[in-house]
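J.: Below: one structure in C-alpha cells.
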Amino acid sequence: MTETLPLPPGETGLPLIGETLAFVRSPREFTAKREQKYGKVFRTHILGAESVILIGHAANHWAFSGEDKYLQNRWSYGVRQILGADTMSLINGERHRERRRMVTPHFKYESMSHFVPSIEALSRQHMERWANQGSVLTIEHAMRTLAFEIIALFIFSDEADQLDLPYLSELSKLCADGMFTPITINLPFLPFGKALKARKDFMNYLRPFVQKRRESGQHKADVLGTLLAARDSEGNGLSDETIVEEIHLLLFAGHDTTVTSNTNILLHLAQNPHALQCARDEQNALAPDDRVFNLDTLKKMPYLDAVIHESMRLIPPIAGMFRITIQDVEFNGYRIPKGTVILLNPARTHRDETVWKNVEDYNPDRWLSGEKQPPFSHIPFGGGPRLCLGQNFAMVEMKLILSLLLRGYRWELVPHQDLTYRSLPFPLPKSGVTVQFSRL
Ligand code: HEM
C-alpha cells in the first residue's frame, strides 16, 4: 500500500522550469548539495518533469530490475526530439527487446574479432599523423575524428569511405550540444534549434545512402546490412526512416562516449605518473606473441582494464540515466507516484563513501587489490535490460587505442589550460585537454 507513504524530500523550484537552470549549470554540484540536505533519494523538477534523483547501488539495482514492471526508459524531451522516438534507446517493452535482438549479434565480444585489425590500422594512421604534426594536439578533437571513423566503419564497412564523415561528425556534435539544453525551443540561433536542424540534415544526407544499399539488393555483413535484413516476429522489416534513426543513434552513442572516456583517461594518466608508468610497464612486459592485437591478447592487460575502470568511476561518460514510473511505487519507504521521472546518478554512486575507499583518489590498484563493492556500485555502462549494447565494442576500441599510445607515444599537458569540467552533454575538461604529443 503506497498511498500512506510520504513523498521523497526535496523542492520543485520555480513554476514550469522548476530547478532546471541550477541542474543544467552543474548537475554534479546540484546533486551533491541536495544529497547532503536530503539524502540519497530526493525530489525535484528538472527538464520539464517531476523527478526523483536516486543515488547508490541499491537504487540502481531497484531501477534496473524494474523495467516494464514499475518503470520504463524515458529520456528528456530534448533527447527524444533529437534522437527520434523510434530508436532502440527510446522504445520500450517487447519492441525494445526485439530491436535489440536484431543487432545484438554484431555486439557480442567474439564478433569484435574480425574488426580488431581495422581499429588497429585506423588508430595507427591517426597517431602517426598526430605525431608528425609536431605541435599541440587537442585530445578531445583528435579522439573525436578517430572514434567517428571507427564507428562509421563498424556500421557501413567498406562503404564508409563514400560518406563525408567530417560533415556527419559535425552534425552529430551539434545534435549532442542541443540535447540537454534548458530551453527546448526551436529557434535557429539556440542550441536546440541548431540540433534539430542538424538532425534533419543528418537524416536527409543518409536516407539516399540507405535507399541505395536497399535497392542494390546487396547483403553486407555490417550493421546497416543487418538492419536492412531484420524482420520482426510477423515478418515485417524496418522502414528506411527507422534505419536512418538507428544509425544516427549508433553513431552518436558509439563515439561521443568513447571520446569522453579516452580523453579523461589520457588526462588521468598525465596527472598520475605512477599509474602511467605501471600501464606502460604492463605493455612492455608482454611476450612478443601477446603484442599482436586480438581478442585473447587484449584480455591480458589487467592494469589497463583497471585504468579504464578507475577513470570511468571518477568521470562516468554518461552522467545520468532516465526512467519513468508506470505505476505508483515504493522505494526506500517513499511513495514515487506514477509518471515521475527517475534519474540515476552514476557519478555520485561511484563516490559513495560507504562503498569506496578514498573516493577522490585516482587509484587503478583498487581494482586489482581485491577491494570489493556490492553489485551496481560501478555502472558506467548502465545495467539490466538497457545495459550498454556497445560495451564490448567500447572496451576493445579503448584498450586497443590506449595500448598503442602507451607503447609508442608520450603526451604532456600544455600548461595554463582550463581543465575545469563542463558536464553536459558529456563530462570533459573545457580545454579539450591540450598536449604536446610525440613519439617515445
Ligand atoms: C565508454 C563508452 C560507453 C559508455 C560509458 C556507454 C554507456 C552507456 C550507458 C550508461 C547506457 C545505458 C543508458 C540507460 O540505461 O538509459 C548505454 C546504452 C547504449 N549504448 Fe553505450 N556506452 C559506451 C559506448 C557505446 C558504443 C561504442 C556503442 C555502439 C557501438 C553504444 C551503444 C549503446 C546503445 C545502442 C545503447 C542503448 C541500449 C538500449 O537502450 O537498449 N555505447 N551506453
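Following the order of the C-alpha cells, chains are lettered A, B, ..., residues in each are numbered from 1, and ligands are numbered from 1.
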Quick one: contact table of stretch 218-291 of chain A to stretch 174-187 of chain A, 10 Å max, nearest atom pair and distance in Å to one decimal per residue, counting only C-alpha atoms, chain and number order, as JSON lines?
T.:
```
{"residue": "A:His248", "atom": "CA", "partner": "A:Cys175", "partner_atom": "CA", "distance": 9.9}
{"residue": "A:Phe252", "atom": "CA", "partner": "A:Ala176", "partner_atom": "CA", "distance": 7.8}
{"residue": "A:Ala253", "atom": "CA", "partner": "A:Ala176", "partner_atom": "CA", "distance": 9.9}
{"residue": "A:Asp256", "atom": "CA", "partner": "A:Ala176", "partner_atom": "CA", "distance": 8.5}
```
J.: Could you list the protein, DNA and RNA residues that have any atom within 6 Å of ligand 1, counting only C-alpha atoms and all ligand atoms, and write them as a PDB file with all heavy atoms, in the first residue's frame?
T.:
```
ATOM      1  N   MET A  88      16.038   2.450 -30.693  1.00  0.00           N
ATOM      2  CA  MET A  88      16.151   1.425 -29.657  1.00  0.00           C
ATOM      3  C   MET A  88      16.219   1.999 -28.244  1.00  0.00           C
ATOM      4  O   MET A  88      15.648   1.449 -27.311  1.00  0.00           O
ATOM      5  CB  MET A  88      17.422   0.662 -29.983  1.00  0.00           C
ATOM      6  CG  MET A  88      17.756  -0.443 -29.077  1.00  0.00           C
ATOM      7  SD  MET A  88      19.424  -1.016 -29.440  1.00  0.00           S
ATOM      8  CE  MET A  88      19.720  -0.562 -31.123  1.00  0.00           C
ATOM      9  N   SER A  89      16.905   3.122 -28.088  1.00  0.00           N
ATOM     10  CA  SER A  89      17.068   3.602 -26.716  1.00  0.00           C
ATOM     11  C   SER A  89      15.817   4.334 -26.230  1.00  0.00           C
ATOM     12  O   SER A  89      15.751   4.720 -25.073  1.00  0.00           O
ATOM     13  CB  SER A  89      18.301   4.476 -26.575  1.00  0.00           C
ATOM     14  OG  SER A  89      18.087   5.691 -27.206  1.00  0.00           O
ATOM     15  N   LEU A 250      23.334   5.087 -33.195  1.00  0.00           N
ATOM     16  CA  LEU A 250      24.569   4.304 -33.003  1.00  0.00           C
ATOM     17  C   LEU A 250      25.813   5.153 -33.238  1.00  0.00           C
ATOM     18  O   LEU A 250      26.801   5.028 -32.519  1.00  0.00           O
ATOM     19  CB  LEU A 250      24.569   3.082 -33.919  1.00  0.00           C
ATOM     20  CG  LEU A 250      23.610   1.971 -33.509  1.00  0.00           C
ATOM     21  CD1 LEU A 250      23.535   0.887 -34.578  1.00  0.00           C
ATOM     22  CD2 LEU A 250      24.026   1.344 -32.168  1.00  0.00           C
ATOM     23  N   ALA A 253      25.828   7.376 -29.965  1.00  0.00           N
ATOM     24  CA  ALA A 253      26.157   6.623 -28.736  1.00  0.00           C
ATOM     25  C   ALA A 253      27.512   5.944 -28.859  1.00  0.00           C
ATOM     26  O   ALA A 253      28.187   5.713 -27.872  1.00  0.00           O
ATOM     27  CB  ALA A 253      25.083   5.561 -28.478  1.00  0.00           C
ATOM     28  N   GLY A 254      27.905   5.639 -30.094  1.00  0.00           N
ATOM     29  CA  GLY A 254      29.104   4.840 -30.301  1.00  0.00           C
ATOM     30  C   GLY A 254      30.367   5.638 -30.467  1.00  0.00           C
ATOM     31  O   GLY A 254      31.416   5.064 -30.719  1.00  0.00           O
ATOM     32  N   HIS A 255      30.311   6.977 -30.376  1.00  0.00           N
ATOM     33  CA  HIS A 255      31.600   7.670 -30.439  1.00  0.00           C
ATOM     34  C   HIS A 255      31.777   8.722 -29.351  1.00  0.00           C
ATOM     35  O   HIS A 255      32.839   8.816 -28.754  1.00  0.00           O
ATOM     36  CB  HIS A 255      31.870   8.220 -31.840  1.00  0.00           C
ATOM     37  CG  HIS A 255      31.391   9.597 -32.081  1.00  0.00           C
ATOM     38  ND1 HIS A 255      30.069   9.913 -32.192  1.00  0.00           N
ATOM     39  CD2 HIS A 255      32.070  10.763 -32.221  1.00  0.00           C
ATOM     40  CE1 HIS A 255      29.956  11.197 -32.404  1.00  0.00           C
ATOM     41  NE2 HIS A 255      31.145  11.753 -32.426  1.00  0.00           N
ATOM     42  N   THR A 257      30.809   8.773 -26.360  1.00  0.00           N
ATOM     43  CA  THR A 257      31.133   8.113 -25.088  1.00  0.00           C
ATOM     44  C   THR A 257      32.594   7.677 -25.027  1.00  0.00           C
ATOM     45  O   THR A 257      33.279   7.925 -24.037  1.00  0.00           O
ATOM     46  CB  THR A 257      30.236   6.867 -24.949  1.00  0.00           C
ATOM     47  OG1 THR A 257      30.234   6.201 -26.222  1.00  0.00           O
ATOM     48  CG2 THR A 257      28.838   7.218 -24.544  1.00  0.00           C
ATOM     49  N   THR A 258      33.076   7.052 -26.102  1.00  0.00           N
ATOM     50  CA  THR A 258      34.478   6.584 -26.081  1.00  0.00           C
ATOM     51  C   THR A 258      35.440   7.773 -26.162  1.00  0.00           C
ATOM     52  O   THR A 258      36.516   7.732 -25.571  1.00  0.00           O
ATOM     53  CB  THR A 258      34.769   5.579 -27.221  1.00  0.00           C
ATOM     54  OG1 THR A 258      34.260   6.115 -28.424  1.00  0.00           O
ATOM     55  CG2 THR A 258      34.131   4.249 -26.974  1.00  0.00           C
ATOM     56  N   SER A 261      35.598   9.067 -22.639  1.00  0.00           N
ATOM     57  CA  SER A 261      36.350   8.181 -21.781  1.00  0.00           C
ATOM     58  C   SER A 261      37.848   8.254 -22.096  1.00  0.00           C
ATOM     59  O   SER A 261      38.672   8.460 -21.201  1.00  0.00           O
ATOM     60  CB  SER A 261      35.814   6.769 -21.983  1.00  0.00           C
ATOM     61  OG  SER A 261      36.304   5.962 -20.997  1.00  0.00           O
ATOM     62  N   PRO A 317      31.175   8.595 -18.384  1.00  0.00           N
ATOM     63  CA  PRO A 317      30.823   9.387 -19.571  1.00  0.00           C
ATOM     64  C   PRO A 317      29.329   9.706 -19.671  1.00  0.00           C
ATOM     65  O   PRO A 317      28.943  10.761 -20.153  1.00  0.00           O
ATOM     66  CB  PRO A 317      31.261   8.505 -20.743  1.00  0.00           C
ATOM     67  CG  PRO A 317      32.340   7.636 -20.170  1.00  0.00           C
ATOM     68  CD  PRO A 317      31.943   7.395 -18.741  1.00  0.00           C
ATOM     69  N   ILE A 318      28.474   8.765 -19.238  1.00  0.00           N
ATOM     70  CA  ILE A 318      27.030   9.051 -19.220  1.00  0.00           C
ATOM     71  C   ILE A 318      26.696   9.405 -17.777  1.00  0.00           C
ATOM     72  O   ILE A 318      26.711   8.539 -16.901  1.00  0.00           O
ATOM     73  CB  ILE A 318      26.198   7.828 -19.659  1.00  0.00           C
ATOM     74  CG1 ILE A 318      26.609   7.356 -21.044  1.00  0.00           C
ATOM     75  CG2 ILE A 318      24.701   8.093 -19.567  1.00  0.00           C
ATOM     76  CD1 ILE A 318      25.875   7.922 -22.203  1.00  0.00           C
ATOM     77  N   MET A 321      20.979   8.389 -16.038  1.00  0.00           N
ATOM     78  CA  MET A 321      20.092   7.504 -16.798  1.00  0.00           C
ATOM     79  C   MET A 321      18.665   7.789 -16.374  1.00  0.00           C
ATOM     80  O   MET A 321      18.385   7.875 -15.176  1.00  0.00           O
ATOM     81  CB  MET A 321      20.448   6.049 -16.525  1.00  0.00           C
ATOM     82  CG  MET A 321      21.751   5.663 -17.167  1.00  0.00           C
ATOM     83  SD  MET A 321      22.399   4.137 -16.484  1.00  0.00           S
ATOM     84  CE  MET A 321      23.985   4.680 -15.937  1.00  0.00           C
ATOM     85  N   PHE A 322      17.797   7.933 -17.362  1.00  0.00           N
ATOM     86  CA  PHE A 322      16.432   8.387 -17.091  1.00  0.00           C
ATOM     87  C   PHE A 322      15.419   7.245 -17.230  1.00  0.00           C
ATOM     88  O   PHE A 322      15.478   6.479 -18.175  1.00  0.00           O
ATOM     89  CB  PHE A 322      16.041   9.477 -18.084  1.00  0.00           C
ATOM     90  CG  PHE A 322      16.799  10.771 -17.904  1.00  0.00           C
ATOM     91  CD1 PHE A 322      18.071  10.923 -18.440  1.00  0.00           C
ATOM     92  CD2 PHE A 322      16.243  11.822 -17.209  1.00  0.00           C
ATOM     93  CE1 PHE A 322      18.769  12.110 -18.272  1.00  0.00           C
ATOM     94  CE2 PHE A 322      16.929  13.017 -17.045  1.00  0.00           C
ATOM     95  CZ  PHE A 322      18.203  13.158 -17.576  1.00  0.00           C
ATOM     96  N   PRO A 380      29.214   2.407 -15.168  1.00  0.00           N
ATOM     97  CA  PRO A 380      29.449   3.302 -16.311  1.00  0.00           C
ATOM     98  C   PRO A 380      28.685   2.852 -17.555  1.00  0.00           C
ATOM     99  O   PRO A 380      28.342   3.678 -18.407  1.00  0.00           O
ATOM    100  CB  PRO A 380      30.965   3.212 -16.536  1.00  0.00           C
ATOM    101  CG  PRO A 380      31.383   1.949 -15.893  1.00  0.00           C
ATOM    102  CD  PRO A 380      30.451   1.740 -14.736  1.00  0.00           C
ATOM    103  N   PHE A 381      28.417   1.543 -17.665  1.00  0.00           N
ATOM    104  CA  PHE A 381      27.689   1.041 -18.835  1.00  0.00           C
ATOM    105  C   PHE A 381      26.220   0.755 -18.505  1.00  0.00           C
ATOM    106  O   PHE A 381      25.531   0.086 -19.267  1.00  0.00           O
ATOM    107  CB  PHE A 381      28.355  -0.225 -19.364  1.00  0.00           C
ATOM    108  CG  PHE A 381      29.699   0.023 -20.018  1.00  0.00           C
ATOM    109  CD1 PHE A 381      30.880  -0.361 -19.395  1.00  0.00           C
ATOM    110  CD2 PHE A 381      29.786   0.645 -21.257  1.00  0.00           C
ATOM    111  CE1 PHE A 381      32.115  -0.135 -19.994  1.00  0.00           C
ATOM    112  CE2 PHE A 381      31.026   0.873 -21.865  1.00  0.00           C
ATOM    113  CZ  PHE A 381      32.185   0.497 -21.232  1.00  0.00           C
ATOM    114  N   GLY A 382      25.737   1.250 -17.377  1.00  0.00           N
ATOM    115  CA  GLY A 382      24.342   1.009 -17.004  1.00  0.00           C
ATOM    116  C   GLY A 382      24.149  -0.392 -16.464  1.00  0.00           C
ATOM    117  O   GLY A 382      25.075  -0.995 -15.901  1.00  0.00           O
ATOM    118  N   ARG A 386      18.791  -2.539 -20.270  1.00  0.00           N
ATOM    119  CA  ARG A 386      19.322  -1.424 -21.065  1.00  0.00           C
ATOM    120  C   ARG A 386      20.840  -1.341 -20.999  1.00  0.00           C
ATOM    121  O   ARG A 386      21.408  -0.316 -21.377  1.00  0.00           O
ATOM    122  CB  ARG A 386      18.758  -0.099 -20.546  1.00  0.00           C
ATOM    123  CG  ARG A 386      17.285   0.013 -20.631  1.00  0.00           C
ATOM    124  CD  ARG A 386      16.887   0.591 -21.964  1.00  0.00           C
ATOM    125  NE  ARG A 386      15.459   0.504 -22.124  1.00  0.00           N
ATOM    126  CZ  ARG A 386      14.841   0.849 -23.239  1.00  0.00           C
ATOM    127  NH1 ARG A 386      15.515   1.323 -24.258  1.00  0.00           N
ATOM    128  NH2 ARG A 386      13.535   0.720 -23.333  1.00  0.00           N
ATOM    129  N   LEU A 387      21.450  -2.365 -20.438  1.00  0.00           N
ATOM    130  CA  LEU A 387      22.908  -2.364 -20.353  1.00  0.00           C
ATOM    131  C   LEU A 387      23.479  -1.973 -21.716  1.00  0.00           C
ATOM    132  O   LEU A 387      22.999  -2.443 -22.748  1.00  0.00           O
ATOM    133  CB  LEU A 387      23.393  -3.778 -20.003  1.00  0.00           C
ATOM    134  CG  LEU A 387      24.907  -3.961 -19.908  1.00  0.00           C
ATOM    135  CD1 LEU A 387      25.441  -3.280 -18.646  1.00  0.00           C
ATOM    136  CD2 LEU A 387      25.267  -5.432 -19.885  1.00  0.00           C
ATOM    137  N   CYS A 388      24.486  -1.114 -21.687  1.00  0.00           N
ATOM    138  CA  CYS A 388      25.047  -0.595 -22.947  1.00  0.00           C
ATOM    139  C   CYS A 388      25.259  -1.701 -23.973  1.00  0.00           C
ATOM    140  O   CYS A 388      26.002  -2.654 -23.730  1.00  0.00           O
ATOM    141  CB  CYS A 388      26.365   0.105 -22.668  1.00  0.00           C
ATOM    142  SG  CYS A 388      27.194   0.624 -24.178  1.00  0.00           S
ATOM    143  N   LEU A 389      24.639  -1.533 -25.124  1.00  0.00           N
ATOM    144  CA  LEU A 389      24.779  -2.519 -26.195  1.00  0.00           C
ATOM    145  C   LEU A 389      26.210  -2.549 -26.725  1.00  0.00           C
ATOM    146  O   LEU A 389      26.700  -3.584 -27.176  1.00  0.00           O
ATOM    147  CB  LEU A 389      23.812  -2.134 -27.321  1.00  0.00           C
ATOM    148  CG  LEU A 389      23.707  -3.058 -28.502  1.00  0.00           C
ATOM    149  CD1 LEU A 389      23.058  -4.368 -28.096  1.00  0.00           C
ATOM    150  CD2 LEU A 389      22.911  -2.409 -29.616  1.00  0.00           C
ATOM    151  N   GLY A 390      26.886  -1.390 -26.640  1.00  0.00           N
ATOM    152  CA  GLY A 390      28.222  -1.292 -27.239  1.00  0.00           C
ATOM    153  C   GLY A 390      29.354  -1.500 -26.252  1.00  0.00           C
ATOM    154  O   GLY A 390      30.497  -1.157 -26.552  1.00  0.00           O
ATOM    155  N   GLN A 391      29.062  -2.101 -25.095  1.00  0.00           N
ATOM    156  CA  GLN A 391      30.093  -2.249 -24.049  1.00  0.00           C
ATOM    157  C   GLN A 391      31.342  -2.998 -24.568  1.00  0.00           C
ATOM    158  O   GLN A 391      32.467  -2.557 -24.365  1.00  0.00           O
ATOM    159  CB  GLN A 391      29.500  -2.983 -22.855  1.00  0.00           C
ATOM    160  CG  GLN A 391      30.491  -3.193 -21.735  1.00  0.00           C
ATOM    161  CD  GLN A 391      29.838  -3.787 -20.483  1.00  0.00           C
ATOM    162  OE1 GLN A 391      28.651  -4.098 -20.478  1.00  0.00           O
ATOM    163  NE2 GLN A 391      30.589  -3.938 -19.445  1.00  0.00           N
ATOM    164  N   PHE A 393      32.275  -3.488 -27.663  1.00  0.00           N
ATOM    165  CA  PHE A 393      32.881  -2.670 -28.713  1.00  0.00           C
ATOM    166  C   PHE A 393      33.745  -1.576 -28.080  1.00  0.00           C
ATOM    167  O   PHE A 393      34.899  -1.367 -28.455  1.00  0.00           O
ATOM    168  CB  PHE A 393      31.750  -2.046 -29.539  1.00  0.00           C
ATOM    169  CG  PHE A 393      32.209  -1.200 -30.680  1.00  0.00           C
ATOM    170  CD1 PHE A 393      32.298  -1.726 -31.956  1.00  0.00           C
ATOM    171  CD2 PHE A 393      32.541   0.130 -30.493  1.00  0.00           C
ATOM    172  CE1 PHE A 393      32.718  -0.945 -33.022  1.00  0.00           C
ATOM    173  CE2 PHE A 393      32.964   0.921 -31.546  1.00  0.00           C
ATOM    174  CZ  PHE A 393      33.048   0.384 -32.816  1.00  0.00           C
ATOM    175  N   ALA A 394      33.166  -0.892 -27.090  1.00  0.00           N
ATOM    176  CA  ALA A 394      33.859   0.238 -26.454  1.00  0.00           C
ATOM    177  C   ALA A 394      35.135  -0.233 -25.766  1.00  0.00           C
ATOM    178  O   ALA A 394      36.190   0.393 -25.881  1.00  0.00           O
ATOM    179  CB  ALA A 394      32.935   0.919 -25.447  1.00  0.00           C
TER     180      ALA A 394
END
```
J.: For the structure I just gave you, how does DSSP split stretch 254-293 of chain A - specifically, which residues are helix (DSSP H, G or I)? Reply as a PyMOL selection string.
T.: chain A and resi 256-271+273-284+288-291
J.: Emit the selected residues as a PDB file, in the first residue's frame, including C-alpha atoms.
T.:
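again-v2.pdb written:
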```pdb
ATOM      1  CA  ASP A 256      30.920  10.541 -28.001  1.00  0.00           C
ATOM      2  CA  THR A 257      31.133   8.113 -25.088  1.00  0.00           C
ATOM      3  CA  THR A 258      34.478   6.584 -26.081  1.00  0.00           C
ATOM      4  CA  VAL A 259      35.858  10.047 -26.931  1.00  0.00           C
ATOM      5  CA  THR A 260      34.896  11.215 -23.439  1.00  0.00           C
ATOM      6  CA  SER A 261      36.350   8.181 -21.781  1.00  0.00           C
ATOM      7  CA  ASN A 262      39.646   8.156 -23.709  1.00  0.00           C
ATOM      8  CA  THR A 263      40.166  11.903 -23.244  1.00  0.00           C
ATOM      9  CA  ASN A 264      39.637  11.605 -19.492  1.00  0.00           C
ATOM     10  CA  ILE A 265      41.887   8.543 -19.283  1.00  0.00           C
ATOM     11  CA  LEU A 266      44.767  10.327 -21.039  1.00  0.00           C
ATOM     12  CA  LEU A 267      44.304  13.261 -18.674  1.00  0.00           C
ATOM     13  CA  HIS A 268      44.257  10.999 -15.603  1.00  0.00           C
ATOM     14  CA  LEU A 269      47.407   9.232 -16.787  1.00  0.00           C
ATOM     15  CA  ALA A 270      49.177  12.537 -17.495  1.00  0.00           C
ATOM     16  CA  GLN A 271      48.317  13.677 -13.975  1.00  0.00           C
ATOM     17  CA  PRO A 273      52.848   9.436 -13.431  1.00  0.00           C
ATOM     18  CA  HIS A 274      52.899   6.292 -11.287  1.00  0.00           C
ATOM     19  CA  ALA A 275      49.775   4.893 -12.955  1.00  0.00           C
ATOM     20  CA  LEU A 276      51.160   5.874 -16.369  1.00  0.00           C
ATOM     21  CA  GLN A 277      54.413   4.053 -15.664  1.00  0.00           C
ATOM     22  CA  CYS A 278      52.595   0.907 -14.468  1.00  0.00           C
ATOM     23  CA  ALA A 279      50.432   0.956 -17.602  1.00  0.00           C
ATOM     24  CA  ARG A 280      53.496   1.342 -19.843  1.00  0.00           C
ATOM     25  CA  ASP A 281      55.357  -1.389 -17.928  1.00  0.00           C
ATOM     26  CA  GLU A 282      52.470  -3.787 -18.470  1.00  0.00           C
ATOM     27  CA  GLN A 283      52.577  -3.199 -22.242  1.00  0.00           C
ATOM     28  CA  ASN A 284      56.376  -3.502 -22.368  1.00  0.00           C
ATOM     29  CA  PRO A 288      56.080 -10.933 -28.437  1.00  0.00           C
ATOM     30  CA  ASP A 289      53.012 -13.038 -29.337  1.00  0.00           C
ATOM     31  CA  ASP A 290      50.887 -11.066 -26.888  1.00  0.00           C
ATOM     32  CA  ARG A 291      51.843  -7.792 -28.520  1.00  0.00           C
TER      33      ARG A 291
END
```
J.: Pull the closest atom pair for each residue of stretch 365-388 of chain A that gets at most 6 Å from stretch 42-65 of chain A, along with the distance in Å to one decimal, counting only C-alpha atoms, ordering rows by chain and then ascending residue number, as a tab-separated table.
T.:
```
residue	atom	partner	partner_atom	distance
A:Phe376	CA	A:His57	CA	4.8
A:Ser377	CA	A:His57	CA	4.6
A:Gly383	CA	A:Phe64	CA	5.9
A:Gly384	CA	A:Phe64	CA	4.7
```
J.: Just write the chosen residues, N, CA and C atoms, as a PDB file, in the first residue's frame.
T.:
```pdb
ATOM      1  N   PHE A 376      26.258  -3.261  -8.707  1.00  0.00           N
ATOM      2  CA  PHE A 376      25.658  -1.988  -9.153  1.00  0.00           C
ATOM      3  C   PHE A 376      26.268  -0.758  -8.485  1.00  0.00           C
ATOM      4  N   SER A 377      27.471  -0.936  -7.870  1.00  0.00           N
ATOM      5  CA  SER A 377      28.184   0.227  -7.324  1.00  0.00           C
ATOM      6  C   SER A 377      28.951   0.943  -8.422  1.00  0.00           C
ATOM      7  N   GLY A 383      22.936  -0.927 -16.667  1.00  0.00           N
ATOM      8  CA  GLY A 383      22.645  -2.273 -16.165  1.00  0.00           C
ATOM      9  C   GLY A 383      21.260  -2.714 -16.588  1.00  0.00           C
ATOM     10  N   GLY A 384      20.944  -3.974 -16.304  1.00  0.00           N
ATOM     11  CA  GLY A 384      19.615  -4.506 -16.623  1.00  0.00           C
ATOM     12  C   GLY A 384      19.398  -4.585 -18.126  1.00  0.00           C
TER      13      GLY A 384
END
```
J.: Would you pick out the contacts of A:Val103 at 10 Å or less, using only C-alpha atoms, so that residues sharing its chain but fewer than 5 positions from it are not included, and give the list as a list of chain:residue names?
T.: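 Listed by chain and then number, they are A:Glu98, A:Lys108, A:Asp222, A:Val223, A:Leu224, A:Thr226, A:Leu227, A:Ala230, A:Leu389.
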J.: For those residues, write C-alpha atoms to a file as a PDB file, in the first residue's frame.
T.:
```pdb
ATOM      1  CA  GLU A  98      13.035  -7.244 -30.443  1.00  0.00           C
ATOM      2  CA  LYS A 108      28.921  -9.881 -28.984  1.00  0.00           C
ATOM      3  CA  ASP A 222      27.727  -4.884 -41.362  1.00  0.00           C
ATOM      4  CA  VAL A 223      25.241  -3.161 -39.039  1.00  0.00           C
ATOM      5  CA  LEU A 224      23.428  -1.460 -41.917  1.00  0.00           C
ATOM      6  CA  THR A 226      21.606  -6.348 -40.526  1.00  0.00           C
ATOM      7  CA  LEU A 227      19.130  -3.507 -40.067  1.00  0.00           C
ATOM      8  CA  ALA A 230      15.947  -7.626 -39.967  1.00  0.00           C
ATOM      9  CA  LEU A 389      24.779  -2.519 -26.195  1.00  0.00           C
TER      10      LEU A 389
END
```
J.: Using DSSP assignments from the backbone, pull out every residue in stretch 140-349 of chain A that falls under strand (DSSP E or B) and give it to me as a ChimeraX atom specification.
T.: /A:321-325,329-331,334-336,341-344
J.: Report the distance between atom CA of A:Asn73 and atom CA of A:Thr31 in Å, rounded to one decimal place.
T.: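 About the pair atom CA of A:Asn73 and atom CA of A:Thr31: they are 20.8 Å apart.
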J.: With only C-alpha atoms as the basis for distance, which of A:Ala121, A:Leu153, A:Val24, A:Leu163 is at the shortest distance from A:Ala319?
T.: A:Val24
J.: Just want the 9 Å neighbourhood of A:Asn363, counted on only C-alpha atoms, with same-chain residues fewer than 5 positions away dropped. Output as a ChimeraX atom specification.
T.: /A:275,306-307,310-311,358
J.: Have a look at atom CA of A:Arg366 and atom CA of A:Ile308 and let me know their distance in Å, one decimal.
T.: 12.1 Å
J.: Can you tell me which residues surround A:Asn92 at a distance of at most 9 Å, considering only C-alpha atoms, apart from same-chain residues fewer than 2 positions away, and format the answer as a ChimeraX atom specification?
T.: /A:67-68,72-73,88-90,94-97
J.: I'd like the neighbourhood of stretch 25-30 of chain A as a tab-separated table (two decimals) with N, CA, C and O atoms, in the first residue's frame, where a residue qualifies if any of its atoms comes within 9 Å (using only C-alpha atoms), though same-chain residues fewer than 4 positions away should be ignored.
T.:
```
chain	number	residue	atom	x	y	z
A	20	THR	N	15.54	23.46	-13.20
A	20	THR	CA	16.33	23.08	-14.37
A	20	THR	C	17.62	23.90	-14.51
A	20	THR	O	18.67	23.35	-14.84
A	21	LEU	N	17.53	25.21	-14.28
A	21	LEU	CA	18.71	26.05	-14.53
A	21	LEU	C	19.87	25.64	-13.64
A	21	LEU	O	20.99	25.47	-14.11
A	34	ARG	N	22.05	18.67	-2.81
A	34	ARG	CA	20.77	18.12	-2.35
A	34	ARG	C	20.96	16.78	-1.64
A	34	ARG	O	20.21	16.45	-0.72
A	35	GLU	N	21.95	16.04	-2.07
A	35	GLU	CA	22.21	14.77	-1.38
A	35	GLU	C	22.59	15.07	0.08
A	35	GLU	O	22.13	14.37	1.00
A	319	ALA	N	26.38	10.67	-17.57
A	319	ALA	CA	26.26	11.16	-16.19
A	319	ALA	C	24.91	10.82	-15.55
A	319	ALA	O	24.76	10.90	-14.33
A	347	ALA	N	27.71	9.19	-11.26
A	347	ALA	CA	28.85	9.93	-10.69
A	347	ALA	C	28.82	9.94	-9.17
A	347	ALA	O	29.84	9.72	-8.51
A	348	ARG	N	27.64	10.17	-8.57
A	348	ARG	CA	27.56	10.18	-7.10
A	348	ARG	C	27.68	8.75	-6.56
A	348	ARG	O	28.29	8.51	-5.54
A	422	ARG	N	33.18	20.81	-17.94
A	422	ARG	CA	31.78	21.06	-18.28
A	422	ARG	C	31.08	19.72	-18.13
A	422	ARG	O	31.71	18.66	-18.38
A	423	SER	N	29.81	19.72	-17.77
A	423	SER	CA	29.13	18.44	-17.51
A	423	SER	C	28.32	17.93	-18.69
A	423	SER	O	28.17	16.73	-18.87
A	424	LEU	N	27.75	18.87	-19.44
A	424	LEU	CA	26.82	18.45	-20.49
A	424	LEU	C	27.33	18.91	-21.86
A	424	LEU	O	27.92	19.97	-21.95
```
J.: Near A:Ser123, counting only C-alpha atoms, which residues have an atom at most 10 Å away, once you skip same-chain residues fewer than 5 positions from it, shown as a PyMOL selection string?
T.: chain A and resi 117-118+128-129+143+146-147+149-150+397+400-402+404-405
J.: Figure out the distance between atom CA of A:Ile91 and atom CA of A:Ser233, please, to one decimal in Å.
T.: 16.7 Å
J.: Using only C-alpha atoms for the distances, tell me which of A:Ile324, A:Leu368, A:Leu286, A:Leu16 is nearest to A:His309.
T.: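 Looking only at the distances to A:His309, the closest residue turns out to be A:Leu368.
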